[in-house]
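Structure data (mmCIF, C-alpha atoms) from upload26.cif:
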```cif
data_start
#
loop_
_atom_site.label_atom_id
_atom_site.label_comp_id
_atom_site.auth_asym_id
_atom_site.auth_seq_id
_atom_site.Cartn_x
_atom_site.Cartn_y
_atom_site.Cartn_z
CA MET A 1320 7.32 26.96 5.19
CA LYS A 1321 7.39 24.30 2.51
CA VAL A 1322 3.91 22.88 2.04
CA VAL A 1323 2.74 20.08 -0.26
CA ILE A 1324 -0.97 19.88 -1.04
CA LEU A 1325 -2.54 16.74 -2.50
CA GLY A 1326 -5.70 17.37 -4.54
CA CYS A 1327 -6.28 20.48 -6.63
CA GLY A 1328 -10.03 20.69 -6.23
CA ARG A 1329 -11.90 23.64 -4.77
CA LEU A 1330 -10.31 23.38 -1.32
CA GLY A 1331 -6.84 22.35 -2.48
CA ALA A 1332 -6.56 25.15 -5.04
CA TYR A 1333 -7.99 27.78 -2.70
CA LEU A 1334 -5.62 26.76 0.08
CA ALA A 1335 -2.64 26.65 -2.33
CA LEU A 1336 -3.32 30.21 -3.50
CA ARG A 1337 -3.78 31.48 0.05
CA LEU A 1338 -0.61 29.85 1.39
CA ALA A 1339 1.40 30.99 -1.64
CA GLY A 1340 0.02 34.50 -1.10
CA LEU A 1341 1.41 34.38 2.44
CA GLY A 1342 4.86 33.65 1.02
CA HIS A 1343 5.02 29.88 1.58
CA HIS A 1344 6.60 27.49 -0.92
CA VAL A 1345 3.67 25.47 -2.18
CA THR A 1346 3.61 22.34 -4.35
CA VAL A 1347 0.28 20.94 -5.54
CA ILE A 1348 -0.26 17.32 -6.66
CA ASP A 1349 -3.22 16.14 -8.73
CA GLN A 1350 -3.71 13.16 -11.01
CA ASP A 1351 -5.58 15.32 -13.53
CA PRO A 1352 -3.37 18.03 -15.09
CA ALA A 1353 -6.50 19.98 -16.07
CA ALA A 1354 -7.23 20.55 -12.37
CA PHE A 1355 -4.30 22.98 -12.15
CA ALA A 1356 -6.35 25.48 -14.17
CA ARG A 1357 -8.01 26.36 -10.84
CA LEU A 1358 -4.70 27.88 -9.72
CA GLY A 1359 -4.81 30.53 -12.46
CA ASP A 1360 -1.86 31.73 -14.52
CA ASP A 1361 0.08 33.52 -11.79
CA PHE A 1362 0.45 30.69 -9.24
CA PRO A 1363 4.07 30.92 -8.05
CA GLY A 1364 4.28 27.34 -6.72
CA ARG A 1365 5.04 23.98 -8.34
CA THR A 1366 2.59 21.46 -9.75
CA VAL A 1367 3.13 17.67 -9.95
CA VAL A 1368 0.93 15.25 -11.87
CA GLY A 1369 0.39 11.88 -10.20
CA THR A 1370 -1.54 9.83 -7.71
CA GLY A 1371 -1.04 10.73 -4.08
CA ILE A 1372 -0.86 7.19 -2.74
CA ASP A 1373 2.33 6.53 -4.70
CA GLU A 1374 5.41 7.05 -2.51
CA GLU A 1375 7.40 7.93 -5.62
CA VAL A 1376 5.04 10.77 -6.55
CA LEU A 1377 5.10 12.14 -2.99
CA ARG A 1378 8.89 12.09 -3.03
CA ARG A 1379 8.97 13.83 -6.39
CA ALA A 1380 6.76 16.56 -4.93
CA GLY A 1381 9.28 17.05 -2.12
CA VAL A 1382 7.19 15.71 0.77
CA ALA A 1383 10.32 14.32 2.49
CA GLU A 1384 11.73 17.87 2.76
CA ALA A 1385 8.40 19.63 3.44
CA ASP A 1386 7.25 21.15 6.73
CA ALA A 1387 3.66 20.16 6.15
CA PHE A 1388 1.59 17.84 3.94
CA ILE A 1389 -2.11 18.41 3.36
CA ALA A 1390 -4.32 15.74 1.74
CA VAL A 1391 -7.58 17.15 0.40
CA THR A 1392 -8.67 14.95 -2.52
CA ASN A 1393 -12.33 14.00 -2.67
CA TRP A 1394 -11.55 10.45 -1.52
CA ASP A 1395 -11.23 9.84 2.21
CA ASN A 1396 -9.20 6.68 1.83
CA THR A 1397 -6.73 8.31 -0.54
CA ASN A 1398 -6.26 11.17 1.93
CA VAL A 1399 -5.82 8.88 4.88
CA MET A 1400 -3.30 6.67 3.10
CA ALA A 1401 -1.34 9.58 1.64
CA ALA A 1402 -1.16 11.32 5.04
CA GLN A 1403 0.13 8.14 6.69
CA VAL A 1404 2.75 7.57 3.99
CA ALA A 1405 3.86 11.20 4.33
CA ARG A 1406 4.14 10.92 8.08
CA GLU A 1407 5.32 7.36 8.71
CA ILE A 1408 7.47 6.72 5.64
CA LEU A 1409 8.64 10.17 4.55
CA GLY A 1410 8.76 11.71 8.02
CA VAL A 1411 6.94 14.98 7.34
CA PRO A 1412 6.41 16.78 10.69
CA ARG A 1413 2.78 17.77 10.02
CA ALA A 1414 0.30 15.75 7.95
CA ILE A 1415 -3.26 16.98 7.81
CA CYS A 1416 -6.05 15.21 5.93
CA ARG A 1417 -9.67 15.92 5.12
CA LEU A 1418 -12.19 13.16 5.81
CA TYR A 1419 -15.83 13.53 4.84
CA ASP A 1420 -16.90 10.49 6.90
CA PRO A 1421 -17.22 11.48 10.60
CA LEU A 1422 -16.69 7.88 11.77
CA ARG A 1423 -13.46 7.48 9.83
CA ASP A 1424 -12.48 10.95 11.09
CA GLU A 1425 -12.99 9.88 14.69
CA PHE A 1426 -11.07 6.64 14.17
CA TYR A 1427 -8.03 8.16 12.50
CA ARG A 1428 -7.91 11.02 14.97
CA SER A 1429 -7.67 8.38 17.71
CA LEU A 1430 -4.65 6.95 15.84
CA GLY A 1431 -3.00 10.35 16.03
CA LEU A 1432 -3.61 11.72 12.53
CA GLU A 1433 -4.47 15.39 12.19
CA THR A 1434 -7.85 15.38 10.47
CA VAL A 1435 -10.49 17.86 9.33
CA CYS A 1436 -14.10 16.70 8.92
CA PRO A 1437 -16.22 19.24 7.02
CA THR A 1438 -19.37 17.11 7.50
CA LEU A 1439 -19.09 17.38 11.26
CA TRP A 1440 -18.19 21.07 11.20
CA GLY A 1441 -20.96 21.85 8.71
CA ALA A 1442 -23.57 20.04 10.78
CA GLN A 1443 -22.46 21.73 13.99
CA ARG A 1444 -22.47 25.16 12.38
CA ILE A 1445 -25.92 24.63 10.84
CA GLU A 1446 -27.26 23.53 14.22
CA GLU A 1447 -25.80 26.66 15.80
CA ILE A 1448 -27.48 28.87 13.21
CA LEU A 1449 -30.74 26.94 13.52
CA TYR A 1450 -30.93 27.01 17.30
CA GLY A 1451 -29.56 30.54 17.36
CA SER A 1452 -32.35 31.81 15.09
CA ALA A 1453 -34.97 29.66 16.83
CA THR A 1454 -34.02 31.23 20.13
CA ALA A 1455 -34.19 34.63 18.49
CA ALA A 1456 -37.69 33.90 17.14
CA GLU A 1457 -38.94 32.84 20.52
CA MET B 545 -13.84 -19.51 11.42
CA TYR B 546 -15.84 -16.44 10.46
CA ILE B 547 -14.15 -14.70 7.53
CA VAL B 548 -15.26 -11.45 5.91
CA VAL B 549 -14.09 -10.76 2.37
CA VAL B 550 -14.37 -7.16 1.18
CA GLY B 551 -14.59 -6.74 -2.58
CA GLY B 552 -16.54 -9.11 -4.80
CA GLY B 553 -14.51 -8.92 -7.99
CA LYS B 554 -12.90 -11.99 -9.52
CA VAL B 555 -10.46 -12.41 -6.64
CA GLY B 556 -13.14 -11.91 -3.99
CA TYR B 557 -15.55 -14.28 -5.71
CA TYR B 558 -13.17 -17.22 -6.12
CA LEU B 559 -11.73 -16.62 -2.67
CA THR B 560 -15.19 -16.71 -1.10
CA LYS B 561 -16.08 -19.89 -2.97
CA SER B 562 -12.88 -21.64 -1.91
CA LEU B 563 -13.27 -20.59 1.72
CA LEU B 564 -16.88 -21.85 1.73
CA GLU B 565 -15.75 -25.18 0.29
CA GLN B 566 -13.25 -25.43 3.13
CA GLY B 567 -16.14 -25.19 5.55
CA HIS B 568 -15.70 -21.64 6.82
CA GLU B 569 -18.48 -19.19 7.51
CA VAL B 570 -17.91 -16.46 4.92
CA LEU B 571 -19.49 -13.13 4.03
CA VAL B 572 -18.49 -11.08 0.98
CA ILE B 573 -19.18 -7.32 0.83
CA GLU B 574 -19.67 -5.71 -2.59
CA LYS B 575 -20.65 -2.10 -3.26
CA ASP B 576 -21.62 -2.26 -6.92
CA PRO B 577 -25.33 -3.27 -7.04
CA ARG B 578 -25.00 -5.01 -10.41
CA ARG B 579 -22.04 -7.07 -9.32
CA GLN B 580 -23.83 -7.80 -6.07
CA THR B 581 -26.83 -9.27 -7.93
CA ILE B 582 -24.56 -11.60 -9.88
CA LEU B 583 -22.77 -12.67 -6.70
CA SER B 584 -26.06 -13.25 -4.86
CA GLN B 585 -27.27 -15.59 -7.60
CA GLU B 586 -24.14 -17.69 -7.10
CA LEU B 587 -23.53 -17.38 -3.38
CA GLY B 588 -26.97 -16.57 -1.96
CA SER B 589 -27.09 -15.00 1.47
CA MET B 590 -23.31 -14.88 1.80
CA VAL B 591 -23.36 -11.51 0.02
CA LEU B 592 -23.84 -8.12 1.65
CA GLY B 593 -24.36 -5.02 -0.48
CA GLY B 594 -22.60 -1.87 0.63
CA ASP B 595 -19.33 0.02 0.85
CA GLY B 596 -17.00 -2.09 2.96
CA CYS B 597 -15.03 1.02 3.93
CA GLU B 598 -18.03 2.38 5.85
CA VAL B 599 -18.01 1.65 9.56
CA ALA B 600 -21.80 1.11 9.52
CA VAL B 601 -21.44 -1.61 6.85
CA MET B 602 -18.62 -3.22 8.82
CA GLU B 603 -20.90 -3.35 11.86
CA GLN B 604 -23.68 -4.87 9.79
CA ALA B 605 -21.25 -7.47 8.46
CA GLY B 606 -20.31 -8.47 11.99
CA PHE B 607 -16.66 -7.37 11.93
CA GLY B 608 -16.81 -7.54 15.74
CA ARG B 609 -16.94 -11.34 15.69
CA ALA B 610 -14.83 -11.91 12.58
CA ASP B 611 -11.68 -14.01 12.97
CA VAL B 612 -10.22 -12.79 9.70
CA VAL B 613 -10.92 -9.84 7.39
CA ILE B 614 -9.57 -10.02 3.85
CA ALA B 615 -9.64 -6.83 1.75
CA VAL B 616 -9.33 -7.59 -1.96
CA THR B 617 -10.75 -4.53 -3.72
CA GLY B 618 -8.84 -3.12 -6.68
CA ASP B 619 -7.79 -0.01 -4.75
CA ASP B 620 -4.88 -0.18 -2.33
CA GLU B 621 -6.07 2.79 -0.28
CA ASP B 622 -9.44 1.11 0.30
CA ASN B 623 -7.80 -2.15 1.34
CA LEU B 624 -5.57 -0.26 3.77
CA VAL B 625 -8.46 1.57 5.43
CA ILE B 626 -10.58 -1.59 5.67
CA CYS B 627 -7.80 -3.47 7.44
CA GLN B 628 -6.83 -0.59 9.71
CA VAL B 629 -10.40 0.02 10.86
CA ALA B 630 -11.02 -3.73 11.22
CA LYS B 631 -8.01 -4.01 13.49
CA GLY B 632 -8.20 -0.73 15.36
CA ARG B 633 -11.91 -0.42 15.90
CA PHE B 634 -13.24 -3.97 15.71
CA HIS B 635 -10.16 -5.76 17.06
CA VAL B 636 -10.18 -8.36 14.29
CA GLY B 637 -7.38 -10.85 14.99
CA ARG B 638 -6.01 -11.14 11.48
CA THR B 639 -6.24 -8.72 8.58
CA ILE B 640 -5.08 -9.52 5.08
CA ALA B 641 -4.82 -6.94 2.31
CA ARG B 642 -4.41 -7.36 -1.40
CA ILE B 643 -2.02 -4.80 -2.83
CA ASN B 644 -1.88 -3.79 -6.44
CA ASN B 645 1.22 -1.59 -6.40
CA PRO B 646 4.08 -3.81 -5.12
CA ARG B 647 5.78 -0.77 -3.58
CA ASN B 648 2.93 -0.48 -1.11
CA GLU B 649 3.90 -3.71 0.59
CA LYS B 650 6.49 -2.03 2.79
CA ILE B 651 4.06 0.79 3.58
CA PHE B 652 1.25 -1.59 4.58
CA ARG B 653 3.56 -3.52 6.85
CA ARG B 654 4.73 -0.31 8.52
CA LEU B 655 1.11 0.70 9.03
CA GLY B 656 0.23 -2.50 10.88
CA ILE B 657 -1.43 -4.78 8.34
CA ASP B 658 -0.73 -8.44 9.22
CA VAL B 659 -0.38 -9.94 5.77
CA THR B 660 -0.25 -8.49 2.29
CA VAL B 661 -0.69 -10.32 -0.98
CA SER B 662 0.53 -8.66 -4.13
CA SER B 663 -0.79 -10.29 -7.26
CA THR B 664 1.61 -8.23 -9.33
CA GLU B 665 4.53 -9.63 -7.38
CA VAL B 666 3.30 -13.21 -7.52
CA ILE B 667 2.95 -12.99 -11.30
CA LEU B 668 6.32 -11.23 -11.58
CA SER B 669 8.18 -13.92 -9.66
CA GLN B 670 6.52 -16.64 -11.77
CA ILE B 671 7.66 -14.83 -14.90
CA GLU B 672 11.17 -14.37 -13.47
CA GLN B 673 11.42 -18.13 -13.06
CA LEU B 674 10.20 -18.80 -16.58
CA LEU B 675 12.23 -16.26 -18.49
CA PRO B 676 15.92 -16.99 -19.08
CA PHE B 677 17.09 -13.36 -19.13
CA GLU B 678 16.29 -12.58 -15.50
CA SER B 679 19.63 -12.70 -13.74
CA LEU B 680 18.32 -12.99 -10.18
CA VAL B 681 15.32 -15.17 -9.45
CA HIS B 682 13.42 -15.02 -6.16
CA LEU B 683 12.70 -18.55 -5.03
CA LEU B 684 11.21 -17.71 -1.65
CA THR B 685 10.84 -14.54 0.38
CA LEU B 686 10.42 -14.48 4.16
CA ARG B 687 8.90 -11.04 4.44
CA ASN B 688 8.83 -10.69 8.20
CA VAL B 689 12.58 -11.08 8.49
CA GLY B 690 13.48 -9.46 5.17
CA ILE B 691 15.34 -12.53 3.86
CA SER B 692 15.10 -14.08 0.39
CA PHE B 693 16.26 -17.32 -1.19
CA VAL B 694 17.49 -16.35 -4.65
CA GLU B 695 19.12 -18.06 -7.60
CA LEU B 696 21.77 -16.36 -9.72
CA GLU B 697 23.47 -17.64 -12.83
CA VAL B 698 27.18 -16.93 -13.20
CA PRO B 699 27.62 -15.62 -16.77
CA ALA B 700 30.67 -16.28 -18.97
CA GLY B 701 32.27 -12.89 -18.37
CA SER B 702 31.72 -12.82 -14.61
CA PRO B 703 34.50 -11.27 -12.50
CA ALA B 704 33.91 -14.01 -9.90
CA ILE B 705 35.05 -16.89 -12.09
CA GLY B 706 38.10 -18.83 -10.94
CA ARG B 707 38.44 -17.02 -7.60
CA PRO B 708 37.74 -18.64 -4.22
CA LEU B 709 34.38 -17.59 -2.78
CA LYS B 710 35.96 -16.23 0.40
CA SER B 711 37.87 -13.61 -1.62
CA LEU B 712 34.82 -12.19 -3.40
CA GLY B 713 33.72 -9.80 -0.67
CA ILE B 714 30.31 -11.37 -0.20
CA PRO B 715 28.25 -9.32 2.30
CA ASP B 716 27.91 -10.65 5.86
CA ASP B 717 24.15 -11.03 5.63
CA CYS B 718 24.42 -13.43 2.73
CA ILE B 719 25.37 -17.10 2.45
CA PHE B 720 25.57 -19.65 -0.37
CA PRO B 721 24.14 -22.97 0.80
CA LEU B 722 24.15 -24.56 -2.65
CA LEU B 723 25.76 -24.44 -6.07
CA ILE B 724 24.36 -26.21 -9.11
CA ARG B 725 26.90 -27.04 -11.80
CA GLU B 726 25.90 -27.85 -15.39
CA GLY B 727 22.33 -28.19 -14.24
CA LYS B 728 22.93 -31.57 -12.59
CA GLU B 729 25.62 -31.53 -9.93
CA ALA B 730 24.76 -30.18 -6.48
CA ILE B 731 27.75 -28.76 -4.63
CA ILE B 732 27.80 -27.51 -1.03
CA PRO B 733 30.31 -24.68 -1.43
CA TYR B 734 32.90 -23.57 1.11
CA GLY B 735 35.41 -20.73 1.20
CA GLU B 736 37.87 -22.28 -1.22
CA THR B 737 35.30 -23.26 -3.84
CA THR B 738 35.70 -21.47 -7.18
CA LEU B 739 32.91 -20.66 -9.60
CA GLN B 740 32.67 -21.71 -13.22
CA PRO B 741 30.71 -20.08 -16.03
CA GLY B 742 27.11 -21.33 -16.08
CA ASP B 743 27.05 -22.21 -12.37
CA HIS B 744 23.79 -21.50 -10.59
CA VAL B 745 24.29 -20.09 -7.12
CA ILE B 746 21.51 -20.46 -4.57
CA ALA B 747 21.90 -17.69 -2.02
CA VAL B 748 20.16 -16.73 1.20
CA THR B 749 20.35 -12.95 1.41
CA SER B 750 18.87 -9.85 2.96
CA GLU B 751 16.85 -7.69 0.55
CA GLY B 752 19.44 -4.94 0.87
CA SER B 753 22.33 -7.09 -0.35
CA GLU B 754 20.66 -8.41 -3.50
CA SER B 755 22.15 -5.79 -5.78
CA THR B 756 25.65 -6.27 -4.29
CA LEU B 757 25.37 -10.01 -4.93
CA ARG B 758 24.32 -9.39 -8.48
CA ARG B 759 27.34 -7.13 -8.98
CA ILE B 760 29.81 -9.59 -7.45
CA LEU B 761 28.59 -12.64 -9.36
CA GLN B 762 27.48 -11.08 -12.63
CA GLY B 763 29.62 -7.96 -13.02
#
```
Translate this structure into structure tokens?
Amino acid sequence: MKVVILGCGRLGAYLALRLAGLGHHVTVIDQDPAAFARLGDDFPGRTVVGTGIDEEVLRRAGVAEADAFIAVTNWDNTNVMAAQVAREILGVPRAICRLYDPLRDEFYRSLGLETVCPTLWGAQRIEEILYGSATAAE
Amino acid sequence: MYIVVVGGGKVGYYLTKSLLEQGHEVLVIEKDPRRQTILSQELGSMVLGGDGCEVAVMEQAGFGRADVVIAVTGDDEDNLVICQVAKGRFHVGRTIARINNPRNEKIFRRLGIDVTVSSTEVILSQIEQLLPFESLVHLLTLRNVGISFVELEVPAGSPAIGRPLKSLGIPDDCIFPLLIREGKEAIIPYGETTLQPGDHVIAVTSEGSESTLRRILQG
């Protein structure tokens, strides 16, 4: 698979290394070239410097030919816009974006975007642990 | 009308003031506390502090009863999200977004924003009209139908000079309603009309045919 990842932070870099390790062709976009240091020296994929809400940058990174686009910058609105440009304008079959805000997550999921909300997941998991251990203590 | 303006920078501030003067009920949302203090001193209770991209702040601002939401922050992605949520979740009748990167105009339209205003493009078209070296000037653009009124000058070496218009291979989605000769004579051209150096051609054209027109008339 050809995968383009927007945002080379903790999640973006970790995901890029994992997917590349599985043999996928990975391209990572970040506006700060220093962020690519997180990928280490042996990263086999491509890196592109630029902002992810610029159609030109997404094209340069090969989003139009990619099988999947993943937007994981730290800014919800950037992710949501980039994912929509990738899907609606560049026609990528899968566009997944991370949204920290559960309300925005709910809204954009209702519009048909594939979203991941770590706030919601984190809260649910913490509740599980909490109630799980509380039950155990009783 | 109840109008919510998101973003209290220079554009948001003057916009809010003008809309208030026109007698509308207006609220401006600003997230920077310092900026918000300055705005409050000028506009009083018309200012709401908070991030206008947050659904909770939108609720507080009364998006549900807003007739128009205008997003004029300096970030295109924020303006997009504000307008999409306003429309999709709060069913606001009309959403207007400011765009900073002119290329985003097409994208915003595809993503369902009613109206976009690009300050870059407005300034650019003003400059085009003022500077003599721009070979194709946009006089008026009808965005919804993708048609522009443009003005082109026929330069001295143009391959179109001396040939009847009908033989130039002008695209089908393009007509010439007017020709201005020597800056003073208005000519309604027809198929047999021939161009002279220095003529100004006013054309109605689709966006896609602009470059073809330029090539035909200017070489």
| request: Please write the residues picked by the PyMOL selection byres ((chain B) within 7 of (chain A)) on this file as a ChimeraX atom specification. | output: /B:599,621-622,625,651
Written file, previous selection with C-alpha atoms, as an mmCIF file, keeping the file's coordinate frame:
```cif
data_model
loop_
_atom_site.group_PDB
_atom_site.id
_atom_site.type_symbol
_atom_site.label_atom_id
_atom_site.label_comp_id
_atom_site.auth_asym_id
_atom_site.auth_seq_id
_atom_site.Cartn_x
_atom_site.Cartn_y
_atom_site.Cartn_z
ATOM 1 C CA VAL B 599 -18.010 1.650 9.560
ATOM 2 C CA GLU B 621 -6.070 2.790 -0.280
ATOM 3 C CA ASP B 622 -9.440 1.110 0.300
ATOM 4 C CA VAL B 625 -8.460 1.570 5.430
ATOM 5 C CA ILE B 651 4.060 0.790 3.580
#
```
| note | From CA of Ile626 (chain B) to CA of Thr664 (chain B) the spacing works out at 20.4 Å
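Atom pair CA of Val1411 (chain A) / CA of Ala1353 (chain A) has a distance of 27.5 Å (rounded to one decimal).
Here the residues that fall within 7 Å of (6.2, 21.1, 8.3), using only C-alpha atoms, are given as A:Met1320, A:Lys1321, A:Val1322, A:Ala1385, A:Asp1386, A:Ala1387, A:Val1411, A:Pro1412, A:Arg1413.
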Output the selection as an mmCIF file, in the coordinates of the input - C-alpha atoms for each residue.
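Final output, saved to out.cif:
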```
data_model
loop_
_atom_site.group_PDB
_atom_site.id
_atom_site.type_symbol
_atom_site.label_atom_id
_atom_site.label_comp_id
_atom_site.auth_asym_id
_atom_site.auth_seq_id
_atom_site.Cartn_x
_atom_site.Cartn_y
_atom_site.Cartn_z
ATOM 1 C CA MET A 1320 7.320 26.960 5.190
ATOM 2 C CA LYS A 1321 7.390 24.300 2.510
ATOM 3 C CA VAL A 1322 3.910 22.880 2.040
ATOM 4 C CA ALA A 1385 8.400 19.630 3.440
ATOM 5 C CA ASP A 1386 7.250 21.150 6.730
ATOM 6 C CA ALA A 1387 3.660 20.160 6.150
ATOM 7 C CA VAL A 1411 6.940 14.980 7.340
ATOM 8 C CA PRO A 1412 6.410 16.780 10.690
ATOM 9 C CA ARG A 1413 2.780 17.770 10.020
#
```
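Residues lying within 7 Å of region 556-570 of chain B, counting only C-alpha atoms and ignoring same-chain neighbours fewer than 6 positions away, are B:Met545, B:Tyr546, B:Ile547, B:Val548, B:Val549, B:Met590, B:Val616.
Of the listed residues B:Ile691, B:Val591, B:Leu684, B:Val555, the one whose atoms come nearest to Cys718 (chain B) is B:Ile691, with distances taken using all atoms listed in the file.
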Long-range neighbours of Ser663 (chain B) as a CSV table (one decimal) with C-alpha atoms, in the coordinates of the input, 12 Å cut-off, only C-alpha atoms, 4 positions minimum in chain:
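Contents of around_33.csv, as written:
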```
chain,number,residue,atom,x,y,z
B,555,VAL,CA,-10.5,-12.4,-6.6
B,616,VAL,CA,-9.3,-7.6,-2.0
B,618,GLY,CA,-8.8,-3.1,-6.7
B,620,ASP,CA,-4.9,-0.2,-2.3
B,641,ALA,CA,-4.8,-6.9,2.3
B,642,ARG,CA,-4.4,-7.4,-1.4
B,643,ILE,CA,-2.0,-4.8,-2.8
B,644,ASN,CA,-1.9,-3.8,-6.4
B,645,ASN,CA,1.2,-1.6,-6.4
B,646,PRO,CA,4.1,-3.8,-5.1
B,649,GLU,CA,3.9,-3.7,0.6
B,667,ILE,CA,3.0,-13.0,-11.3
B,668,LEU,CA,6.3,-11.2,-11.6
B,669,SER,CA,8.2,-13.9,-9.7
B,670,GLN,CA,6.5,-16.6,-11.8
```
